[in-house]
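Beneath this line is the structure, given in structure tokens, with notes to follow.
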Protein chains: 2
Amino acid sequence: MKNSPKMSDIAKRAGVTLSTVSYTLSGKRPISDAVKQKVYQAMEELGYQPNSLARALVTKRTRIIALLYPAWSSKLGPQSEFITSIAASATDHGYALLLWTSPLTDDEKVMDMTHQGFIDGAILMEVALHDPRVELLQKQHVPFVMIGRYAENADMSFVDLDFDYALETSVRYLVEEGHRHIVLINQSAELLERGIGYVVRSRDAFYREMQKHGLQGIDCCCEANDQAGYEATTNLLNDHPAISAFILMTPWPSGGIIRALTDKGLRIPEDVSLVAIFSPHLAQMTMPALTSVDFPFEEMGRLGAQILVDKLNGIETAARQVLLTPPLTIRSSSGPHR
Amino acid sequence: MKNSPKMSDIAKRAGVTLSTVSYTLSGKRPISDAVKQKVYQAMEELGYQPNSLARALVTKRTRIIALLYPAWSSKLGPQSEFITSIAASATDHGYALLLWTSPLTDDEKVMDMTHQGFIDGAILMEVALHDPRVELLQKQHVPFVMIGRYAENADMSFVDLDFDYALETSVRYLVEEGHRHIVLINQSAELLERGIGYVVRSRDAFYREMQKHGLQGIDCCCEANDQAGYEATTNLLNDHPAISAFILMTPWPSGGIIRALTDKGLRIPEDVSLVAIFSPHLAQMTMPALTSVDFPFEEMGRLGAQILVDKLNGIETAARQVLLTPPLTIRSSSGPHR
DNA sequence: GTGAAAGCGCTAACAA
DNA sequence: TTGTTAGCGCTTTCAC
């Protein structure tokens with residue numbers, strides 16, 4: 001980092017010019033073997049490392065993509081499962097991933113990094129129905145793809161779980177098993193208020209499907225911890241003793257939920273059925289293992305990165321929209337109502 | 001991104017020189033209010049966004065730090081809990097976090113990004129006892145801190161959980177509760193073979209403490225999934241029917257472990273005790289909630305970022321070494337042996 | 001208080 | 001096959 005050799009140093013030592021060194025490195029020009037030898041040797045001897053900052057300044061490509069996620073979800077929780085798959089996929093395509101937390105509030109500074117040329121494109125997480133980041137990115141002509149969806153998605157690329165489908169499937173399954181009193185344990189109230197797409201969509205889809213079956217649903221926002229799950233469940237059970245099924249959108253409270261059920265003397269799945277929308281990992285960590293619409297974090301992350309990279313490479317210019325519909329996997333937490 | 005205005009454009013429009021614009025922005029020189037006005041207005045009108053790539057080229061600071069983690073742990077699992085806290089902390093200090101997966105195998109390309117001046121410093125995760133990345137970073141004079149430890153840590157900064165302490169504590173607790181046949185469910189065999197610090201240290205500390213009590217321990221590597229947990233437990237129980245306690249180092253198999261126990265007709269904690277070294281979130285997701293040395297992901301990540309930033313800002317030049325010793329939190333998965 | 005000009009380390013025309 | 005040179009968009013020294 002300190003006084004590192006530059007191309008001119010290599011050139012001097014190899015007895016050629018700067019550009020020859022550059023071309024040797026990039027291979028964009030035929031170079032005689034003799035010269036190649038000398039250049040490589042000089043680089044070796046001096047321990048040369050190209051300065052990609054300088055390179056990026058002229059090529060206008062950094063090979064870095066940003067992952068933008070709201071600052072308030074620093075406890076990203078399960079969402080963080082996206083991160084590793086996006087990063088892995090980006091790496092495979094020769095890109096590095098820059099994590100960039102943007103306070104949704106401060107529109108000005110949000111993109112500080114974005115526009116300054118540090119990134120070639122962006123992936124948005126936790127997209128709200130009306131997300132200021134979307135407009136900003138569009139205005140700045142930064143290529144981006146969303147994990148999640150905006151309200152109005154024409155001409156925008158995204159990858160999302162089809163939450164409408166996920167909740168229809170879950171509700172229908174439970175209803176077919178004879179359940180009539182079903183509750184949706186949704187994400188925290190904060191996320192709902194902020195209008196985060198999947199939180200709103202899940203709730204709406206839940207009620208829509210319940211109505212379709214002539215049933216009245218109950219929904220409830222739950223903070224992402226054990227305790228909150230316990231309390232929410234206890235309260236719900238007190239208020240509506242007829243409840244026989246829960247749909248869980250968030251994993252952290254599930255321990256508390258199961259404990260509350262057990263403490264009430266209710267058995268799973270004999271007395272109460274549980275259906276989750278989790279990653280398979282998490283769905284199988286509880287006892288009993290949860291029936292679940294397995295959330296395809298891995299696939300979604302990979303696809304998101306793929307789509308962005310294609311866009312950056314000019315392979316795909318049209319918007320790509322992917323909605324995934326993984327099947328319901330029946331495990332041990334659900335069964336017929338009796 | 002496309003034809004964005006540069007400083008010279010602002011200068012022209014404001015009727016001043018390039019350098020005046022630069023100084024107006026940086027505030028490193030007194031500028032008359034009249035000029036300031038004109039400059040700001042011009043920036044406003046043209047929608048100016050400074051190009052930080054160019055800036056970084058001259059200042060030699062990108063305000064980006066890299067998080068290096070081995071490519072093979074793309075399913076970083078719980079380790080990913082570090083990522084969000086590191087990112088949040090970095091953001092607070094004005095740095096962005098660049099995720100960089102380095103194949104431990106290919107020493108050459110590992111640091112591709114590092115040396116090229118794109119990053120000011122690095123945080124290493126999943127540090128092996130003999131980690132090639134450490135030597136590379138040292139050779140390149142890139143400031144770094146480790147989450148985890150090297151074999152030889154003189155003059156190097158790190159933050160780590162004190163696994164010796166964690167295992168001593170766990171074993172001692174179980175022994176005091178009367179358990180004599182204790183097994184350690186460790187991370188996957190691959191991690192152990194690669195010599196990842198905490199995996200090796202945990203195993204060694206486990207046997208050391210068992211020996212201290214005149215006991216013979218059993219350890220077992222387990223892949224990070226439900227099924228592996230089930231099988232490992234079933235096999236262990238068949239081979240050593242006297243086992244009455246498990247220490248769990250990795251969360252994903254725990255569902256399978258609990259199910260295997262239940263299927264054998266063993267109750268927790270009446271017949272078998274479980275002690276985990278997890279994040280509190282995960283420890284409380286199972287039923288019963290796990291007694292655990294709560295893994296301080298949040299704190300470790302925050303501290304790691306803090307230490308690196310201090311180093312980058314020249315506040316702290318000496319190496320800082322932090323070893324955390326969180327207490328054992330007794331929950332419902334453990335009790336006296338009988 | 002402001003301006004002129006020399007780089008930062010590289011890429012890529014343009015020439016030979 | 002190789003050399004020369006003009007930038008990329010900014011910071012900062014040196015002058016005024």
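Identifiers for the structure tokens are assigned positionally: chains receive A, B, ... in sequence, residues are indexed from 1 per chain, and ligands are indexed from 1 in the order shown.
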Quick one: contact table of chain A to chain D, 9 Å max, nearest atom pair and distance in Å to one decimal per residue, counting only C-alpha atoms (C1' of nucleotides), chain and number order, as a Markdown table?
| residue | atom | partner | partner_atom | distance |
| --- | --- | --- | --- | --- |
| A:Val16 | CA | D:DT2 | C1' | 8.4 |
| A:Thr17 | CA | D:DG3 | C1' | 6.7 |
| A:Leu18 | CA | D:DG3 | C1' | 8.9 |
| A:Ser19 | CA | D:DG3 | C1' | 7.8 |
| A:Thr20 | CA | D:DT2 | C1' | 7.0 |
| A:Arg29 | CA | D:DT1 | C1' | 8.8 |
| A:Pro30 | CA | D:DT1 | C1' | 7.0 |
| A:Ile31 | CA | D:DT1 | C1' | 6.4 |
| A:Ser32 | CA | D:DT1 | C1' | 6.8 |
| A:Ala54 | CA | D:DC8 | C1' | 8.4 |
| A:Ala56 | CA | D:DC8 | C1' | 8.7 |
| A:Leu57 | CA | D:DC8 | C1' | 5.3 |
| A:Val58 | CA | D:DC8 | C1' | 4.5 |
| A:Thr59 | CA | D:DC8 | C1' | 8.0 |
| A:Lys60 | CA | D:DC8 | C1' | 8.3 |
Problem set entry | Residue list (strand (DSSP E), DSSP) for stretch 82-329 of chain A, as a ChimeraX atom specification | /A:96-102,121-124,144-147,157-161,182-186,218-221,245-248,273-276,291-293,321-324,328-329
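The spacing separating atom CA of A:Ile119 from atom CA of A:Ala318 amounts to 20.6 Å.
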Exercise. To one decimal place, how far is atom CA of A:Gly265 from atom CA of A:Tyr230 in Å?
Worked result: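 Answer for the atom CA of A:Gly265 to atom CA of A:Tyr230 separation: 13.9 Å.
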For this session: Select residues of chain B: the criterion is any atom within 8 Å of an atom of chain A, counting only C-alpha atoms; output as JSON, numbers by chain.
Result: {"B": [1, 2, 49, 50, 51, 52, 53, 54, 56, 57, 71, 74, 75, 76, 77, 80, 81, 84, 85, 87, 88, 91, 96, 97, 98, 99, 100, 101, 113, 115, 116, 117, 118, 140, 141, 142, 225, 226, 251, 252, 253, 254, 255, 256, 258, 259, 281, 282, 284, 285, 286, 287, 288, 289]}
Since we have the selection now, will you write its residues out, keeping N, CA and C atoms, as a compact mmCIF listing (two decimals), in the first residue's frame?
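Okay, selection00.txt is ready:
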# COMPACT_ATOMS: atom_id res chain seq x y z
N MET B 1 -25.13 8.49 -14.11
CA MET B 1 -23.95 7.71 -14.48
C MET B 1 -23.48 8.10 -15.88
N LYS B 2 -24.36 8.70 -16.57
CA LYS B 2 -24.13 8.90 -18.00
C LYS B 2 -23.95 10.39 -18.22
N GLN B 49 -22.71 15.45 -8.78
CA GLN B 49 -22.36 14.41 -7.81
C GLN B 49 -20.86 14.19 -7.92
N PRO B 50 -20.14 14.47 -6.87
CA PRO B 50 -18.69 14.28 -6.96
C PRO B 50 -18.33 12.84 -7.31
N ASN B 51 -17.31 12.67 -8.06
CA ASN B 51 -16.84 11.34 -8.43
C ASN B 51 -15.78 10.89 -7.43
N SER B 52 -16.19 9.97 -6.59
CA SER B 52 -15.27 9.61 -5.51
C SER B 52 -14.15 8.70 -5.98
N LEU B 53 -14.29 8.17 -7.16
CA LEU B 53 -13.22 7.35 -7.70
C LEU B 53 -12.01 8.25 -7.95
N ALA B 54 -12.28 9.36 -8.59
CA ALA B 54 -11.21 10.32 -8.88
C ALA B 54 -10.63 10.87 -7.59
N ALA B 56 -10.59 9.42 -4.71
CA ALA B 56 -9.81 8.38 -4.04
C ALA B 56 -8.45 8.20 -4.70
N LEU B 57 -8.42 8.39 -5.98
CA LEU B 57 -7.16 8.19 -6.69
C LEU B 57 -6.09 9.15 -6.16
N ALA B 71 -14.20 -18.71 0.25
CA ALA B 71 -15.24 -19.03 -0.71
C ALA B 71 -16.01 -20.28 -0.32
N SER B 74 -19.62 -20.50 1.54
CA SER B 74 -20.65 -19.67 0.93
C SER B 74 -21.94 -19.81 1.74
N LYS B 75 -22.10 -21.01 2.30
CA LYS B 75 -23.21 -21.16 3.24
C LYS B 75 -22.66 -20.81 4.61
N LEU B 76 -22.39 -19.51 4.72
CA LEU B 76 -21.74 -19.00 5.92
C LEU B 76 -22.53 -19.33 7.18
N GLY B 77 -23.80 -19.54 6.99
CA GLY B 77 -24.61 -19.91 8.14
C GLY B 77 -24.61 -18.83 9.20
N SER B 80 -22.91 -15.49 9.28
CA SER B 80 -23.40 -14.32 8.59
C SER B 80 -23.96 -13.30 9.57
N GLU B 81 -24.18 -13.74 10.79
CA GLU B 81 -24.66 -12.77 11.78
C GLU B 81 -23.63 -11.67 12.03
N THR B 84 -23.94 -8.33 9.29
CA THR B 84 -24.77 -7.14 9.44
C THR B 84 -24.25 -6.20 10.54
N SER B 85 -23.70 -6.78 11.60
CA SER B 85 -23.23 -5.87 12.64
C SER B 85 -21.95 -5.15 12.20
N ALA B 87 -21.25 -4.39 9.11
CA ALA B 87 -21.69 -3.40 8.12
C ALA B 87 -22.29 -2.18 8.80
N ALA B 88 -23.12 -2.43 9.79
CA ALA B 88 -23.75 -1.32 10.48
C ALA B 88 -22.71 -0.44 11.16
N THR B 91 -20.68 1.53 8.62
CA THR B 91 -21.48 2.65 8.11
C THR B 91 -21.46 3.81 9.11
N ALA B 96 -17.92 1.93 3.99
CA ALA B 96 -18.79 0.91 3.42
C ALA B 96 -18.04 -0.41 3.47
N LEU B 97 -18.79 -1.48 3.40
CA LEU B 97 -18.21 -2.81 3.56
C LEU B 97 -18.23 -3.55 2.24
N LEU B 98 -17.09 -4.00 1.82
CA LEU B 98 -17.00 -4.77 0.59
C LEU B 98 -16.84 -6.25 0.91
N LEU B 99 -17.81 -7.05 0.50
CA LEU B 99 -17.71 -8.49 0.73
C LEU B 99 -16.78 -9.10 -0.30
N TRP B 100 -15.81 -9.81 0.17
CA TRP B 100 -14.86 -10.36 -0.77
C TRP B 100 -14.56 -11.80 -0.42
N THR B 101 -15.04 -12.70 -1.24
CA THR B 101 -14.79 -14.12 -0.98
C THR B 101 -13.47 -14.50 -1.60
N MET B 113 -8.37 -7.58 -5.26
CA MET B 113 -9.00 -6.30 -5.00
C MET B 113 -8.23 -5.51 -3.97
N HIS B 115 -5.11 -5.13 -3.04
CA HIS B 115 -3.92 -4.35 -3.28
C HIS B 115 -4.12 -3.32 -4.31
N GLN B 116 -5.18 -3.49 -4.98
CA GLN B 116 -5.38 -2.58 -6.08
C GLN B 116 -5.86 -1.23 -5.57
N GLY B 117 -5.79 -1.05 -4.29
CA GLY B 117 -6.11 0.27 -3.78
C GLY B 117 -7.58 0.53 -3.58
N PHE B 118 -8.39 -0.49 -3.78
CA PHE B 118 -9.81 -0.27 -3.60
C PHE B 118 -10.25 -0.22 -2.15
N GLN B 140 1.43 -6.95 2.12
CA GLN B 140 0.92 -5.81 1.34
C GLN B 140 0.67 -4.59 2.19
N HIS B 141 0.97 -4.69 3.45
CA HIS B 141 0.76 -3.56 4.35
C HIS B 141 -0.68 -3.07 4.38
N VAL B 142 -1.60 -4.01 4.25
CA VAL B 142 -3.01 -3.64 4.37
C VAL B 142 -3.41 -3.80 5.84
N ASN B 225 -26.76 -29.50 8.74
CA ASN B 225 -28.16 -29.67 8.38
C ASN B 225 -28.86 -30.64 9.31
N ASP B 226 -30.14 -30.57 9.27
CA ASP B 226 -31.05 -31.34 10.06
C ASP B 226 -30.74 -32.83 10.07
N PRO B 251 -25.80 -24.55 14.95
CA PRO B 251 -27.25 -24.59 15.15
C PRO B 251 -28.04 -25.47 14.17
N TRP B 252 -27.63 -25.49 12.93
CA TRP B 252 -28.51 -26.15 11.94
C TRP B 252 -28.84 -27.61 12.25
N PRO B 253 -27.91 -28.38 12.79
CA PRO B 253 -28.29 -29.78 13.05
C PRO B 253 -29.17 -29.94 14.27
N SER B 254 -29.38 -28.91 15.05
CA SER B 254 -29.99 -29.13 16.36
C SER B 254 -31.41 -29.66 16.29
N GLY B 255 -32.15 -29.29 15.23
CA GLY B 255 -33.49 -29.85 15.08
C GLY B 255 -33.40 -31.37 14.97
N GLY B 256 -32.49 -31.82 14.16
CA GLY B 256 -32.32 -33.25 13.96
C GLY B 256 -31.87 -33.95 15.23
N ILE B 258 -32.47 -33.04 18.34
CA ILE B 258 -33.60 -33.12 19.27
C ILE B 258 -34.59 -34.20 18.83
N ARG B 259 -34.82 -34.30 17.55
CA ARG B 259 -35.74 -35.31 17.05
C ARG B 259 -35.20 -36.73 17.30
N HIS B 281 -30.74 -15.79 19.72
CA HIS B 281 -31.85 -16.02 18.79
C HIS B 281 -32.06 -17.50 18.52
N LEU B 282 -30.99 -18.09 18.07
CA LEU B 282 -31.05 -19.48 17.65
C LEU B 282 -31.26 -20.39 18.86
N GLN B 284 -32.94 -19.92 21.33
CA GLN B 284 -34.31 -19.89 21.83
C GLN B 284 -35.34 -20.31 20.80
N MET B 285 -34.85 -20.73 19.66
CA MET B 285 -35.81 -21.15 18.63
C MET B 285 -36.29 -22.56 18.85
N THR B 286 -35.48 -23.36 19.54
CA THR B 286 -35.87 -24.75 19.73
C THR B 286 -36.76 -24.89 20.95
N MET B 287 -37.34 -26.07 21.03
CA MET B 287 -38.15 -26.39 22.20
C MET B 287 -37.57 -27.66 22.79
N PRO B 288 -37.04 -27.66 23.99
CA PRO B 288 -36.97 -26.50 24.88
C PRO B 288 -35.87 -25.52 24.46
N ALA B 289 -35.94 -24.33 25.00
CA ALA B 289 -34.92 -23.32 24.71
C ALA B 289 -33.58 -23.82 25.26
Problem set entry | Backbone DSSP call of helix (DSSP H, G or I) for stretch 58-249 of chain A, listed as a VMD selection string | chain A and resid 58 to 59 71 to 73 77 to 92 107 to 110 112 to 118 132 to 139 163 to 176 189 to 193 197 to 212 226 to 239
For this session: Write out as a ChimeraX atom specification the residues lying within 12 Å of A:Met156, counting only C-alpha atoms (C1' of nucleotides) and excluding same-chain residues fewer than 5 positions away.
Result: /A:123-124,134-135,137-138,143-151,307-308,311,317-322
Once you have the residues from the selection above, write them out as a short mmCIF file (atom, residue, chain, number, x, y, z; two decimals), in the first residue's frame, restricted to C-alpha atoms.
data_model
loop_
_atom_site.label_atom_id
_atom_site.label_comp_id
_atom_site.auth_asym_id
_atom_site.auth_seq_id
_atom_site.Cartn_x
_atom_site.Cartn_y
_atom_site.Cartn_z
CA ILE A 123 -29.34 -4.75 -5.78
CA LEU A 124 -32.12 -3.48 -3.56
CA VAL A 134 -36.02 3.32 -6.63
CA GLU A 135 -36.60 6.78 -7.95
CA LEU A 137 -31.50 5.04 -8.79
CA GLN A 138 -33.62 5.59 -11.85
CA PRO A 143 -28.68 -0.26 -13.31
CA PHE A 144 -30.38 -2.15 -10.54
CA VAL A 145 -32.51 -5.13 -9.68
CA MET A 146 -34.78 -5.58 -6.72
CA ILE A 147 -35.10 -8.49 -4.35
CA GLY A 148 -38.75 -7.79 -3.76
CA ARG A 149 -41.03 -5.52 -5.67
CA TYR A 150 -42.13 -1.95 -6.00
CA ALA A 151 -45.78 -0.97 -6.30
CA ILE A 307 -29.86 -10.60 -13.77
CA LEU A 308 -27.88 -7.57 -12.71
CA LYS A 311 -27.62 -6.16 -17.51
CA THR A 317 -31.35 -5.05 -21.72
CA ALA A 318 -35.02 -5.76 -21.18
CA ALA A 319 -36.42 -5.88 -17.67
CA ARG A 320 -36.60 -9.34 -16.17
CA GLN A 321 -39.20 -10.18 -13.61
CA VAL A 322 -39.07 -13.43 -11.70
#
Got a sec to pull out which chain C residues are within 8 Å of chain B, counting only C-alpha atoms (C1' of nucleotides), and send them as a PDB file with C-alpha atoms (C1' of nucleotides), in the first residue's frame?
ATOM      1  C1'  DG C   1      -9.857  35.292  -1.270  1.00  0.00           C
ATOM      2  C1'  DT C   2      -8.975  33.139  -5.962  1.00  0.00           C
ATOM      3  C1'  DG C   3      -6.416  31.114 -10.078  1.00  0.00           C
ATOM      4  C1'  DC C   8      -2.753  10.532  -8.844  1.00  0.00           C
ATOM      5  C1'  DG C   9      -1.838   5.570 -12.030  1.00  0.00           C
TER       6       DG C   9
END
Exercise. Which residue gives the smallest distance to A:Gly94 among A:Thr250, A:Arg61, A:Lys6, A:Ser202, with only C-alpha atoms counted?
Worked result: A:Arg61
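Taking atom CA of B:Leu215 and atom CA of B:Ser333 as endpoints, the distance between them is 21.9 Å.
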